[in-house]
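Student: Data: start.cif, mmCIF, C-alpha atoms.
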data_structure
#
loop_
_atom_site.label_atom_id
_atom_site.label_comp_id
_atom_site.auth_asym_id
_atom_site.auth_seq_id
_atom_site.Cartn_x
_atom_site.Cartn_y
_atom_site.Cartn_z
CA MET A 745 106.21 88.08 114.03
CA PHE A 746 104.52 89.74 111.07
CA SER A 747 105.63 93.22 110.05
CA SER A 748 103.13 96.05 109.67
CA LYS A 749 103.57 95.87 105.90
CA LYS A 750 102.25 92.35 105.80
CA ILE A 751 99.29 93.02 108.03
CA GLN A 752 97.10 95.22 105.87
CA MET A 753 93.57 93.94 106.16
CA LYS A 754 91.43 95.77 108.66
CA HIS A 755 88.28 93.67 108.33
CA LEU A 756 87.78 90.00 107.62
CA THR A 757 86.28 88.67 104.41
CA LEU A 758 83.58 86.00 104.45
CA GLU A 759 86.18 83.39 103.48
CA GLN A 760 88.39 84.42 106.40
CA ARG A 761 85.40 84.22 108.74
CA TYR A 762 84.78 80.61 107.70
CA ALA A 763 88.47 79.86 108.25
CA LEU A 764 88.30 81.53 111.66
CA LYS A 765 85.40 79.33 112.70
CA ALA A 766 87.24 76.21 111.54
CA TYR A 767 90.38 77.15 113.46
CA LEU A 768 88.38 77.90 116.60
CA GLU A 769 86.66 74.50 116.42
CA CYS A 770 90.09 72.87 116.12
CA GLY A 771 91.29 74.67 119.25
CA VAL A 772 93.89 76.83 117.49
CA ALA A 773 95.06 79.79 119.60
CA LYS A 774 93.82 83.22 118.54
CA THR A 775 97.35 84.55 118.02
CA GLU A 776 98.11 81.62 115.73
CA ILE A 777 94.84 82.18 113.85
CA ALA A 778 95.80 85.80 113.27
CA ILE A 779 99.11 84.71 111.74
CA LYS A 780 97.40 82.16 109.50
CA LEU A 781 94.87 84.75 108.29
CA GLY A 782 97.48 87.48 107.85
CA VAL A 783 95.85 89.96 110.22
CA ASP A 784 96.70 91.52 113.56
CA ARG A 785 95.52 89.50 116.56
CA SER A 786 93.44 92.51 117.68
CA THR A 787 91.36 91.96 114.55
CA ILE A 788 90.50 88.44 115.73
CA TYR A 789 89.57 89.58 119.24
CA ARG A 790 87.48 92.45 117.87
CA GLU A 791 85.75 90.13 115.41
CA LEU A 792 84.70 87.71 118.14
CA LYS A 793 83.62 90.50 120.48
CA ARG A 794 81.43 92.29 117.93
CA ASN A 795 80.07 89.58 115.71
CA CYS A 796 79.01 86.68 117.92
CA THR A 797 75.37 85.81 118.54
CA LYS A 798 73.70 86.70 121.84
CA ARG A 799 74.55 83.21 123.08
CA GLY A 800 78.23 83.73 122.25
CA ARG A 801 78.33 81.48 119.17
CA TYR A 802 80.38 82.56 116.17
CA THR A 803 78.69 82.03 112.81
CA PRO A 804 80.45 83.33 109.66
CA ASN A 805 77.29 84.35 107.76
CA PHE A 806 75.83 86.12 110.79
CA ALA A 807 79.15 87.89 111.41
CA GLN A 808 79.28 89.01 107.77
CA GLU A 809 75.74 90.46 107.95
CA LEU A 810 76.56 92.41 111.11
CA ALA A 811 79.76 93.79 109.59
CA GLU A 812 78.00 94.87 106.39
CA GLU A 813 75.21 96.57 108.34
CA ARG A 814 77.74 98.53 110.39
CA LYS A 815 79.66 99.51 107.28
CA GLU A 816 76.48 100.76 105.59
CA ARG A 817 75.49 102.84 108.61
CA PHE A 818 79.03 104.15 108.89
CA ILE A 819 79.08 105.42 105.30
CA ILE A 820 75.59 106.92 105.28
CA ASN A 821 75.63 108.64 108.66
CA ARG A 822 79.06 110.26 108.48
CA LYS A 823 78.55 114.00 109.16
CA PHE A 824 80.69 116.66 110.74
CA ASP A 825 78.74 117.20 113.95
CA THR A 826 79.50 118.58 117.42
CA ALA A 827 80.54 115.21 118.84
CA MET A 828 82.97 114.67 115.97
CA GLN A 829 84.38 118.18 116.44
CA ARG A 830 85.01 117.48 120.12
CA ARG A 831 86.89 114.29 119.26
CA ILE A 832 89.07 116.11 116.74
CA ASP A 833 89.79 118.96 119.16
CA LYS A 834 90.74 116.53 121.94
CA TRP A 835 93.01 114.34 119.82
CA ILE A 836 94.80 117.30 118.26
CA ARG A 837 95.17 119.44 121.40
CA GLU A 838 95.92 116.71 123.91
CA GLU A 839 97.56 114.02 121.81
CA GLN A 840 98.91 116.00 118.83
CA TRP A 841 97.44 113.50 116.39
CA SER A 842 97.51 114.35 112.70
CA PRO A 843 94.32 114.31 110.58
CA GLU A 844 95.57 111.13 108.92
CA GLN A 845 96.06 109.45 112.31
CA ILE A 846 92.61 110.56 113.45
CA LYS A 847 90.95 109.22 110.31
CA GLY A 848 92.93 105.98 110.35
CA TYR A 849 92.17 105.31 114.02
CA CYS A 850 88.46 105.96 113.51
CA ASP A 851 88.28 103.71 110.45
CA GLU A 852 90.09 100.93 112.32
CA ASN A 853 87.67 101.17 115.25
CA GLU A 854 84.53 101.97 113.21
CA ILE A 855 84.10 105.41 114.76
CA GLU A 856 82.30 107.89 112.53
CA MET A 857 84.72 110.41 111.07
CA VAL A 858 84.89 112.69 108.04
CA SER A 859 87.72 112.57 105.53
CA ILE A 860 91.29 113.70 106.15
CA GLU A 861 90.67 116.63 103.83
CA ARG A 862 87.58 117.73 105.77
CA ILE A 863 89.57 117.70 109.04
CA TYR A 864 92.20 119.93 107.44
CA GLN A 865 89.46 122.28 106.28
CA TYR A 866 88.22 122.53 109.86
CA ILE A 867 91.74 123.24 111.15
CA ARG A 868 92.31 125.96 108.57
CA GLN A 869 88.95 127.54 109.34
CA ASP A 870 89.83 127.50 113.04
CA LYS A 871 93.13 129.23 112.24
CA ALA A 872 91.38 131.91 110.16
CA GLU A 873 89.09 132.61 113.11
CA GLY A 874 92.03 133.06 115.49
CA GLY A 875 92.15 129.51 116.81
CA ASP A 876 95.32 127.60 117.64
CA LEU A 877 94.52 124.04 116.58
CA TYR A 878 97.08 124.22 113.80
CA LYS A 879 99.84 124.93 116.33
CA HIS A 880 99.39 121.41 117.73
CA LEU A 881 100.22 119.81 114.37
CA ARG A 882 103.83 118.83 113.81
CA HIS A 883 104.07 120.86 110.60
CA GLN A 884 101.60 123.62 111.66
CA LEU A 885 100.19 123.60 108.11
CA LYS A 886 103.49 124.97 106.78
CA HIS A 887 103.76 122.28 104.12
CA ARG A 888 100.37 123.23 102.70
CA LYS A 889 101.17 126.13 100.40
CA ARG A 890 97.79 125.91 98.72
CA PRO A 891 94.40 126.11 100.40
CA VAL A 892 93.05 122.84 101.77
CA SER A 893 90.14 123.09 99.37
CA GLY A 894 92.65 122.59 96.56
CA LYS A 895 92.45 121.64 92.95
CA HIS A 896 90.70 118.30 93.47
CA GLU A 897 87.47 120.08 94.38
CA ILE A 898 87.00 121.45 90.87
CA ILE A 899 86.31 117.94 89.61
CA LYS A 900 82.57 117.54 89.16
CA ASN A 901 80.44 114.44 89.74
CA LYS A 902 83.17 112.37 91.38
CA VAL A 903 82.32 108.88 92.58
CA SER A 904 84.17 108.09 95.81
CA ILE A 905 86.22 104.95 96.32
CA ASP A 906 83.86 104.31 99.24
CA GLN A 907 81.29 103.22 96.65
CA ARG A 908 83.65 100.81 94.94
CA PRO A 909 82.41 97.19 95.20
CA ASP A 910 84.28 94.81 97.48
CA LEU A 911 85.18 92.49 94.60
CA ILE A 912 87.42 95.32 93.31
CA ASN A 913 88.92 95.99 96.72
CA LYS A 914 89.71 92.29 97.11
CA LYS A 915 91.08 91.96 93.55
CA GLU A 916 88.55 89.26 92.77
CA ARG A 917 87.85 90.45 89.22
CA PHE A 918 89.98 91.03 86.15
CA GLY A 919 89.56 94.41 84.49
CA ASP A 920 89.88 96.91 87.33
CA TRP A 921 92.55 99.55 86.73
CA GLU A 922 94.45 102.23 88.63
CA ILE A 923 95.61 105.39 86.86
CA ASP A 924 98.24 107.97 87.77
CA LEU A 925 100.69 110.51 86.42
CA ILE A 926 104.45 110.80 86.68
CA VAL A 927 105.85 114.26 86.03
CA GLY A 928 109.17 115.45 84.70
CA LYS A 929 111.59 118.22 85.52
CA ASN A 930 109.87 121.35 86.86
CA ASN A 931 106.49 119.66 86.35
CA LYS A 932 106.61 120.66 82.68
CA ARG A 933 105.97 117.24 81.13
CA ALA A 934 103.97 114.22 82.20
CA MET A 935 103.30 110.57 81.44
CA VAL A 936 100.13 108.68 82.26
CA THR A 937 100.42 105.19 83.77
CA ILE A 938 97.56 102.69 83.93
CA VAL A 939 97.88 99.35 85.72
CA GLU A 940 95.46 96.40 85.91
CA ARG A 941 94.99 95.32 89.52
CA THR A 942 94.98 91.51 89.24
CA THR A 943 97.76 91.02 86.68
CA ALA A 944 99.91 94.13 87.39
CA MET A 945 100.05 94.83 83.65
CA VAL A 946 101.09 98.48 83.21
CA LEU A 947 100.56 100.79 80.24
CA ILE A 948 102.58 104.00 79.82
CA ARG A 949 102.07 106.92 77.45
CA LYS A 950 103.73 110.30 77.17
CA LEU A 951 101.36 113.29 77.39
CA GLU A 952 102.40 115.93 74.88
CA LYS A 953 100.13 118.51 76.52
CA GLY A 954 101.19 117.72 80.06
CA LYS A 955 98.40 117.69 82.64
CA ASN A 956 95.73 118.98 80.28
CA ALA A 957 92.57 117.10 81.31
CA GLU A 958 90.99 116.85 77.87
CA ALA A 959 94.16 115.64 76.21
CA LEU A 960 94.70 113.10 79.00
CA ALA A 961 91.16 111.76 78.58
CA ASN A 962 91.70 111.23 74.85
CA THR A 963 95.02 109.50 75.50
CA VAL A 964 93.54 107.16 78.12
CA ILE A 965 90.67 106.25 75.80
CA ASP A 966 93.15 105.51 73.02
CA MET A 967 95.22 103.31 75.37
CA LEU A 968 92.35 101.28 76.78
CA LEU A 969 89.92 101.09 73.86
CA PRO A 970 91.60 97.94 72.44
CA TYR A 971 90.84 96.26 75.79
CA LYS A 972 87.39 97.79 76.26
CA ASN A 973 85.83 94.50 77.40
CA ALA A 974 88.53 94.25 80.05
CA VAL A 975 87.93 97.69 81.55
CA LYS A 976 85.44 97.28 84.38
CA SER A 977 86.60 100.24 86.49
CA ILE A 978 89.31 102.89 86.82
CA THR A 979 90.48 104.47 90.09
CA SER A 980 92.50 107.70 90.26
CA ASP A 981 93.69 110.30 92.72
CA ASN A 982 92.13 113.78 92.93
CA GLY A 983 94.41 115.57 90.48
CA SER A 984 92.68 118.11 88.24
CA GLU A 985 94.11 116.28 85.23
CA PHE A 986 91.31 113.73 85.76
CA ALA A 987 88.56 116.35 85.53
CA GLN A 988 87.29 114.78 82.29
CA HIS A 989 86.69 111.42 83.96
CA GLN A 990 83.12 111.28 82.73
CA ILE A 991 84.27 111.32 79.10
CA ILE A 992 86.59 108.40 79.82
CA ALA A 993 83.87 106.46 81.65
CA LYS A 994 81.31 107.03 78.92
CA LYS A 995 83.59 106.11 76.03
CA LEU A 996 84.88 102.97 77.72
CA GLN A 997 81.52 102.15 79.33
CA THR A 998 83.14 101.78 82.72
CA MET A 999 83.06 103.17 86.28
CA PHE A 1000 85.54 105.83 87.37
CA TYR A 1001 86.32 106.12 91.09
CA PHE A 1002 88.35 108.65 93.07
CA ALA A 1003 90.50 107.73 96.07
CA HIS A 1004 90.48 109.88 99.19
CA PRO A 1005 92.82 112.89 99.18
CA TYR A 1006 96.29 112.15 100.54
CA ALA A 1007 95.59 108.40 100.64
CA SER A 1008 98.13 107.01 98.18
CA TRP A 1009 97.86 103.56 99.78
CA GLU A 1010 94.40 103.22 98.22
CA ARG A 1011 96.19 103.04 94.85
CA GLY A 1012 99.15 101.03 96.09
CA LEU A 1013 99.74 99.09 92.88
CA SER A 1014 99.86 102.30 90.86
CA GLU A 1015 102.38 103.82 93.26
CA TYR A 1016 104.53 100.68 93.10
CA SER A 1017 104.39 100.56 89.30
CA ASN A 1018 105.55 104.16 89.10
CA LYS A 1019 108.57 103.26 91.23
CA LEU A 1020 109.46 100.54 88.73
CA ILE A 1021 109.22 103.06 85.91
CA ARG A 1022 111.50 105.45 87.81
CA GLN A 1023 114.28 102.88 87.47
CA TYR A 1024 114.41 103.85 83.79
CA ILE A 1025 113.00 107.38 84.00
CA PRO A 1026 114.40 108.95 87.21
CA LYS A 1027 112.67 111.75 89.08
CA LYS A 1028 113.37 115.28 87.83
CA SER A 1029 114.27 113.92 84.42
CA ASP A 1030 113.62 116.03 81.34
CA PHE A 1031 110.92 114.04 79.54
CA ASN A 1032 112.00 115.59 76.24
CA ASN A 1033 114.88 113.12 76.40
CA PHE A 1034 112.54 110.12 76.16
CA ASP A 1035 110.76 109.37 72.90
CA SER A 1036 107.74 107.11 72.43
CA GLU A 1037 109.83 104.12 71.38
CA PHE A 1038 111.92 104.30 74.58
CA ILE A 1039 108.78 104.52 76.72
CA LYS A 1040 107.32 101.53 74.92
CA GLN A 1041 110.46 99.52 75.65
CA VAL A 1042 110.27 100.47 79.34
CA GLN A 1043 106.66 99.25 79.40
CA HIS A 1044 107.64 95.94 77.79
CA LYS A 1045 110.54 95.40 80.20
CA ILE A 1046 108.37 95.94 83.28
CA ASN A 1047 105.60 93.67 82.00
CA ARG A 1048 108.10 90.90 81.21
CA ARG A 1049 109.43 90.82 84.77
CA PRO A 1050 108.35 87.81 86.87
CA ARG A 1051 106.59 89.06 90.02
CA LYS A 1052 106.83 87.40 93.41
CA ASN A 1053 103.24 88.32 94.30
CA LEU A 1054 102.15 86.65 91.04
CA ASN A 1055 103.99 83.44 91.92
CA PHE A 1056 106.79 84.59 89.61
CA ARG A 1057 104.56 84.73 86.59
CA ARG A 1058 104.86 87.66 84.21
CA PRO A 1059 102.20 90.39 84.06
CA LYS A 1060 101.95 90.31 80.27
CA ASP A 1061 101.31 86.55 80.21
CA LEU A 1062 98.56 86.77 82.82
CA PHE A 1063 97.03 89.84 81.22
CA TYR A 1064 96.71 88.54 77.67
CA HIS A 1065 95.46 85.20 78.93
CA SER A 1066 92.73 87.03 80.87
CA VAL A 1067 91.93 89.32 77.94
CA ALA A 1068 91.26 86.30 75.75
CA PHE A 1069 88.57 85.14 78.16
CA ALA A 1070 87.17 88.66 78.69
CA CYS A 1071 86.64 89.04 74.95
#
Could you write out this structure as C-alpha cells?
Tutor:
Amino acid sequence: MFSSKKIQMKHLTLEQRYALKAYLECGVAKTEIAIKLGVDRSTIYRELKRNCTKRGRYTPNFAQELAEERKERFIINRKFDTAMQRRIDKWIREEQWSPEQIKGYCDENEIEMVSIERIYQYIRQDKAEGGDLYKHLRHQLKHRKRPVSGKHEIIKNKVSIDQRPDLINKKERFGDWEIDLIVGKNNKRAMVTIVERTTAMVLIRKLEKGKNAEALANTVIDMLLPYKNAVKSITSDNGSEFAQHQIIAKKLQTMFYFAHPYASWERGLSEYSNKLIRQYIPKKSDFNNFDSEFIKQVQHKINRRPRKNLNFRRPKDLFYHSVAFAC
C-alpha cells in the first residue's frame, strides 16, 4: 500500500494518461495502474468516468483537452455566491469541516470554491454579525490573533500561483525558485532562503534589517543576479516582507508568484530546505551568534549532501551543470 505522503498528484499529466491507456490495453487492473502511476485508485476511476468519449473510449489527448477546459472554467468562474455559501454553512455546521478541508475537498472533486482565506473572512464576518459558524470550528478562531485580512493583503499586484504554468508545477524546467524566511529568537532577526526546484540548490543570506521588504528585495537581487539567466520564476508565501516583489521581478526579468495563504505544501521544497538549515541553526536561536561565514558554510554543507530524490546526486553538481547550459 502507498502512504498518503507518496500519493500527492491530484490530476494526471498527459504522459500519465498515455501510460494509463497502455496499461488498460494490456489488461492491467485499475488498482495496479494506480500504484504504477503513483496516484490513488480513485484518481483512475474518476479519470475514466469524466474523460472518456461518448462511446466510452479513452483517448489521452481528448482526456487532456477535457481536463484543461474544466480547469480553465474552474479558475475563471470561481465566485463567492449563494450556492457556495450554502455548501460552506452545511459542511461547517453539520460536519465541522475546517476551511482547509472544505477547500481541499472541493479542489479534489473540481467543485468551485474560494480560497481558504476567503472562507475564514466569511466566518469572521458571520461572527461579527452575531452568527455562530465559528463555534463549529475546532479552534473557534482562537488561534487567529490577527484579523483574517492580515498582512498579506497589503501586497499590491500579486500574481497567484494559480497562474503559474504547469511546467513549473511539474518541475519540468530548470530555473524556477521558491523563497522563504527563517526567523530568529523573538522574531528579531531573519534569514532569506532561496531554493531551485529541480536541483534543490539552496542559497542562504542573513538579513541585517530583518523583515524589511526593501532590504530583502535588494538582498535577493544580489543573491540571484549572478544566475540571472537561470531565474525563470520565484514563488513565495504572503508575508509582507515580499511586498517589493515587483522590484525583484523587474531587476531579474522574471515572474514572481504567490502561494495561497496557509498552504505551505505549495512551497514544499522551501519548507524542507528550511528544516535542513535548522539542523545547524535551531529554532529560537539568536541570529547574532551566526556570522556570514558560518551561514555560507551551512549552505555549502547542505548543497554537498547527496539527495535520495535526486538519485543520490548532489544539488550543487546538478545546479552548476544546469547553469552552464542556461548561460
Student: I would like the residues chosen by the PyMOL selection byres ((chain A and resi 761-766) around 8) on the shown file; could you give them as an NGL selection string?
Tutor: :A and (756-760 or 767-770 or 777 or 802-804 or 807-808)
Student: Which residues would end up in the selection if the PyMOL selection byres ((chain A and resi 1053) around 12) were applied here, given that I need the answer as a list in words?
Tutor: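 That selection, the PyMOL selection byres ((chain A and resi 1053) around 12), comes back as Arg941, Thr942, Thr943, Ala944, Leu1013, Arg1049, Pro1050, Arg1051, Lys1052, Leu1054, Asn1055, Phe1056, Arg1057, Arg1058 and Pro1059 of chain A.
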Student: Could you check which of A:Arg917, A:Lys950, A:Lys976, A:Arg785 is closest to A:Asp1035, using only C-alpha atoms?
Tutor: A:Lys950
Student: Between A:Leu960, A:Leu947, A:Leu885, A:Ile938, which is the closest to A:Thr979 once you count only C-alpha atoms?
Tutor: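 Ranked by minimum distance to A:Thr979, first place goes to A:Ile938.
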Student: May I ask which of the residues A:Asn931, A:Gln988, A:Ser786, A:Thr775 is the closest one to A:Ala959, counting only C-alpha atoms?
Tutor: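 Checking each candidate against A:Ala959, we get A:Gln988 as the closest.
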Student: On this structure, the PyMOL selection byres ((chain A and resi 968) around 12) would catch which residues? List them as number ranges by chain, sorted by chain and number.
Tutor: A: 919-921, 923, 937-940, 946-949, 961-967, 969-978, 992-993, 995-998
Student: Counting all atoms listed in the file, which of A:Arg790, A:Lys1027, A:Lys914, A:Lys774 gets nearest to A:Lys929?
Tutor: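 Among the listed residues, the smallest separation from A:Lys929 belongs to A:Lys1027.
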Student: I need the residue nearest A:Ile788 from this list: A:Leu1062, A:Ile1025, A:Ala773, A:Ile899. Use only C-alpha atoms for the distance.
Tutor: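 When distances to A:Ile788 are compared using only C-alpha atoms, the smallest one comes from A:Ala773.
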Student: So how many Å separate atom CA of A:Gln869 and atom CA of A:Tyr1001, to one decimal?
Tutor: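 Computing the Euclidean distance for atom CA of A:Gln869 and atom CA of A:Tyr1001 yields 28.3 Å.
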Student: What would the list of residues within 8 Å of (109.2, 104.9, 81.9) (file frame) look like as a list in words, if all atoms listed in the file are what count?
Tutor: Ile948, Ile1021, Arg1022, Gln1023, Tyr1024, Ile1025, Phe1038, Ile1039, Lys1040, Val1042 and Gln1043 of chain A
Student: Which residues come within 9 Å of A:Asp1061, counting only C-alpha atoms, excluding same-chain residues fewer than 5 positions away, as a compact mmCIF listing (two decimals) with C-alpha atoms, in the frame of the given file?
Tutor:
# COMPACT_ATOMS: atom_id res chain seq x y z
CA THR A 943 97.76 91.02 86.68
CA ASN A 1047 105.60 93.67 82.00
CA ARG A 1048 108.10 90.90 81.21
CA SER A 1066 92.73 87.03 80.87
Student: Can you tell me how far atom CA of A:Ser984 sits from atom CA of A:Asn1032, in Å to one decimal?
Tutor: 22.9 Å
Student: Using all atoms listed in the file, which residues sit within 12 Å of A:Asp825 once same-chain residues fewer than 5 positions away are excluded, as a ChimeraX atom specification?
Tutor: /A:830-832,856-858,863,866
Student: Can you list, as a ChimeraX atom specification, every protein, DNA or RNA residue that comes within 9 Å of A:Asp906 when you count only C-alpha atoms, leaving out same-chain residues fewer than 3 positions away?
Tutor: /A:819,903,909,1001-1004
Student: I need the chosen residues saved as a short mmCIF file (atom, residue, chain, number, x, y, z; two decimals), in the frame of the given file, with C-alpha atoms.
Tutor:
data_model
loop_
_atom_site.label_atom_id
_atom_site.label_comp_id
_atom_site.auth_asym_id
_atom_site.auth_seq_id
_atom_site.Cartn_x
_atom_site.Cartn_y
_atom_site.Cartn_z
CA ILE A 819 79.08 105.42 105.30
CA VAL A 903 82.32 108.88 92.58
CA PRO A 909 82.41 97.19 95.20
CA TYR A 1001 86.32 106.12 91.09
CA PHE A 1002 88.35 108.65 93.07
CA ALA A 1003 90.50 107.73 96.07
CA HIS A 1004 90.48 109.88 99.19
#
Student: Would you mind telling me which residue in A:Leu925, A:Glu809, A:Val1067, A:Ala987 lies nearest to A:Ser1017 when using only C-alpha atoms?
Tutor: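 For A:Ser1017, the nearest of the given residues is A:Leu925.
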Student: Enter the distance from atom CA of A:Pro843 to atom CA of A:Gly782, in Å, rounded to one decimal.
Tutor: 27.2 Å
